[in-house]
Structures are given as C-alpha cells and as structure tokens.
Amino acid sequence: MHVGRPDPEPAPTEPSLAQRLAAIGRGRLAGAGKQAGATKWPEASLAALVAGLIAAGPLLTIGGATLLAGRQRAASARLEAEAAPRIEAARAAAEARGQMDAVLRRRTLAATIEVLARALPADASLVRAGRNAQGALELEIATPDPDRLRSALRRAPAFARLRNTGQRQADTKMIVLFAGTAQ
C-alpha cells in the first residue's frame, strides 16, 4: 500500500476444498479451462454417488438398530435366566397362599356334616365323608330311596352344588355317591 497508488491485484489463490467439491458437483474443476488435462466426472457417476450416500443413511440406521436390538434381546434373555428361579419361587408361594386361603375360608368338615345331618331324610345315614386334594367334598350316603335323598339334598342350599356321581347296592340299602363343593 502506497499513497496515491492503487492496491495491487491479489494473487489468485487456490480454491478451497468446499469450492473444489462444489466444482466437482457442477461437473468441472475450477481451472478446467486453463488446464487441458483436467478430468470431469461423468454425470451418471455423480448421480450414483449421491444415490449411494442417500441410501447409506437409512441402511446404516437399520443396521445399527438391528445390532442394538440384538444386544438388548441377549441382555433380556440373560436377565430372564437369572430371574427365573426367583419368579418361579414367587409364583409357587402365591399359589400356596391361594390354596391355604381357600382351605381356611371353607367350612370345616364337622360343620358340613352337622348341616348335612339336618338335611338328610330320617331313613338315610352317612357312610363316609371326606375332602379330596382339591378340597371337593365327597359323600357316601346309605338310603333305601335314592330319589328322596337327592331331592332332600337339592332343597338344602348348602348342598346345591353337589353332583350325584354314582350309586351301588349294599345289603338292604343303596349307597349314593356325591361329589362337589358345599357352602
């Protein structure tokens, strides 16, 4: 810079990387006219490159998501295997509590027999009474008239759920078998 003289023209600088990429995108180098041996990218190659870059984004995302999902499935399977004994123990304990609750809530066999004695006809007698493993009541009642016994038990609300499961002949009476739940 000198006073009274114009500023000298700046020396041409080499294009930056962004400028060169823009020039390649337009299909020519910045100095293509000056240099005879400058190379041009064919437009089909440039289009293929852009299409490849566009497709690579979702493909990489899908691949990464698949890899992460696989890792999470493996971690989940490992945690399930570690927790399986505790889950099974908790399930068994809950089932046992439910069974105990059912046993404690139902009427005792003695109370059931007392209600049954009031419901039976005068000529019927109890042969056997018991509960099976599931808590269902099983009764064997001897009577000379099974139809009269069945109607008497149907009239008693506590024995409405009992079902006749069979009968067999005894010496002078029929033994009628009942099974079900009593209230």
# chains A, B, ... in the order shown; residues from 1 in each chain; ligands from 1

$ select_by_dssp --residues "segment 23-123 of chain A" --states "alpha helix (DSSP H)" --output "number ranges by chain"
A: 23-26, 43-105, 109-119

$ residues_around --residues "Thr112 of chain A" --least-positions-apart "6" --cutoff "10 Å" --atoms "only C-alpha atoms" --output "list in words"
Arg106, Ala129, Leu137, Ala158, Phe159, Ala182 and Gln183 of chain A

$ residues_around --residues "Arg155 of chain A" --least-positions-apart "6" --cutoff "12 Å" --atoms "only C-alpha atoms" --output "VMD selection string"
chain A and resid 116 118 to 121 148 to 149 161 to 162

$ write_last_selection --atoms "N, CA and C atoms" --output "mmCIF file, in the first residue's frame"
data_model
loop_
_atom_site.group_PDB
_atom_site.id
_atom_site.type_symbol
_atom_site.label_atom_id
_atom_site.label_comp_id
_atom_site.auth_asym_id
_atom_site.auth_seq_id
_atom_site.Cartn_x
_atom_site.Cartn_y
_atom_site.Cartn_z
ATOM 1 N N LEU A 116 -75.422 -81.320 57.045
ATOM 2 C CA LEU A 116 -75.893 -82.469 56.283
ATOM 3 C C LEU A 116 -76.858 -83.317 57.113
ATOM 4 N N ARG A 118 -78.938 -82.351 59.304
ATOM 5 C CA ARG A 118 -80.255 -81.714 59.336
ATOM 6 C C ARG A 118 -80.989 -81.862 58.009
ATOM 7 N N ALA A 119 -80.232 -81.984 56.894
ATOM 8 C CA ALA A 119 -80.850 -82.049 55.574
ATOM 9 C C ALA A 119 -81.238 -83.472 55.168
ATOM 10 N N LEU A 120 -80.600 -84.482 55.746
ATOM 11 C CA LEU A 120 -80.865 -85.869 55.335
ATOM 12 C C LEU A 120 -82.250 -86.336 55.766
ATOM 13 N N PRO A 121 -82.886 -87.203 54.966
ATOM 14 C CA PRO A 121 -84.133 -87.821 55.408
ATOM 15 C C PRO A 121 -83.870 -88.723 56.610
ATOM 16 N N ARG A 148 -85.514 -89.835 46.926
ATOM 17 C CA ARG A 148 -85.912 -88.980 48.054
ATOM 18 C C ARG A 148 -84.687 -88.278 48.651
ATOM 19 N N LEU A 149 -83.559 -88.996 48.695
ATOM 20 C CA LEU A 149 -82.305 -88.395 49.193
ATOM 21 C C LEU A 149 -81.860 -87.255 48.275
ATOM 22 N N ARG A 161 -74.642 -77.565 45.102
ATOM 23 C CA ARG A 161 -73.575 -77.812 44.121
ATOM 24 C C ARG A 161 -73.106 -79.269 44.094
ATOM 25 N N LEU A 162 -73.602 -80.066 44.975
ATOM 26 C CA LEU A 162 -73.197 -81.484 44.973
ATOM 27 C C LEU A 162 -73.802 -82.184 43.761
#

$ atom_distance --atom1 "atom CA of Leu139 of chain A" --atom2 "atom CA of Asp171 of chain A"
18.6 Å

$ atom_distance --atom1 "atom CA of Ala122 of chain A" --atom2 "atom CA of Ile141 of chain A"
12.1 Å

$ residues_around --residues "Val103 of chain A" --least-positions-apart "6" --cutoff "12 Å" --atoms "only C-alpha atoms" --output "PDB file with C-alpha atoms, in the first residue's frame"
ATOM      1  CA  ALA A  96     -49.643 -71.932  48.020  1.00  0.00           C
ATOM      2  CA  ARG A  97     -51.136 -68.815  49.643  1.00  0.00           C
ATOM      3  CA  LEU A 109     -65.878 -80.935  57.602  1.00  0.00           C
ATOM      4  CA  ARG A 131     -62.410 -83.945  51.043  1.00  0.00           C
ATOM      5  CA  ASN A 132     -60.122 -84.702  48.127  1.00  0.00           C
ATOM      6  CA  ALA A 133     -56.806 -82.939  47.438  1.00  0.00           C
ATOM      7  CA  GLN A 134     -58.568 -80.095  45.624  1.00  0.00           C
ATOM      8  CA  GLY A 135     -60.938 -79.538  48.557  1.00  0.00           C
ATOM      9  CA  ALA A 136     -64.047 -81.002  46.933  1.00  0.00           C
TER      10      ALA A 136
END

$ atom_distance --atom1 "atom CA of Arg26 of chain A" --atom2 "atom CA of Thr61 of chain A"
29.4 Å

$ select_by_dssp --residues "chain A" --states "strand (DSSP E)" --output "JSON, numbers by chain"
{"A": [125, 126, 127, 128, 129, 130, 131, 137, 138, 139, 140, 141, 142, 143, 163, 164, 165, 166, 167, 168, 169, 174, 175, 176, 177, 178, 179, 180]}

$ closest_residue --among "A:Val3, A:Pro85, A:Lys173, A:Ala94" --to "Pro144 of chain A" --atoms "only C-alpha atoms"
A:Lys173
